[in-house]
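Inspection log for the structure reproduced underneath, given as structure tokens.
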Amino acid sequence: MRIWDLFGGIDRVAPRVSRREQNMAVLPVAPVARLIRMAGAKRVSEDASIELAAILESYGIEIAKEAVDWANHAKRKTVRAEDIKEAAKRVRPVKQGE
């Protein structure tokens with residue numbers, strides 16, 4: 001008997017994902033900490049950088065989705081700068097708790 005037989009077949013076994021991939025965000029923490037320092041902070045905790053990175057990431061994804069819609073509407077496969085600019089005008093930042 002194979003291990004995947006215990007779980008109902010090979011297609012029911014979850015794909016192997018490394019610990020690094022599980023915790024990896026798209027935005028690196030160091031540049032986000034630099035942004036916070038540019039805003040005037042003398043010291044920045046890692047948790048603060050991670051939290052801001054997560055917020056920026058989700059906001060960026062929403063803008064990117066809207067920009068893709070703009071490009072598709074124009075019958076283009078390439079997302080252009082003007083698509084991003086228009087999308088940024090229309091997408092509002094998500095407030096905490098929503």
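Letters A, B, ... go to the chains of the structure tokens in the order shown; residues in each chain start at 1; ligands are counted from 1 in the same order.
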
Among region 41-78 of chain A, which ones does DSSP assign to helix (DSSP H, G or I) (computed from the backbone)? Answer as a PyMOL selection string. chain A and resi 46-73

Residue neighbourhood region 79-81 of chain A, 12 Å, only C-alpha atoms, exclusion window fewer than 6 positions, as number ranges by chain: A: 63-73, 87-88

Export C-alpha atoms of the chosen residues as an mmCIF file, in the first residue's frame?
```
data_model
loop_
_atom_site.group_PDB
_atom_site.id
_atom_site.type_symbol
_atom_site.label_atom_id
_atom_site.label_comp_id
_atom_site.auth_asym_id
_atom_site.auth_seq_id
_atom_site.Cartn_x
_atom_site.Cartn_y
_atom_site.Cartn_z
ATOM 1 C CA ILE A 63 -5.114 47.956 -9.173
ATOM 2 C CA ALA A 64 -3.462 45.357 -11.402
ATOM 3 C CA LYS A 65 -6.748 43.457 -11.827
ATOM 4 C CA GLU A 66 -8.533 46.646 -12.829
ATOM 5 C CA ALA A 67 -5.692 47.511 -15.249
ATOM 6 C CA VAL A 68 -5.970 44.072 -16.850
ATOM 7 C CA ASP A 69 -9.683 44.707 -17.348
ATOM 8 C CA TRP A 70 -8.858 48.027 -19.035
ATOM 9 C CA ALA A 71 -6.350 46.335 -21.350
ATOM 10 C CA ASN A 72 -8.809 43.534 -22.179
ATOM 11 C CA HIS A 73 -11.522 46.098 -22.914
ATOM 12 C CA ALA A 87 -7.090 51.769 -12.542
ATOM 13 C CA ALA A 88 -5.437 53.654 -9.672
#
```
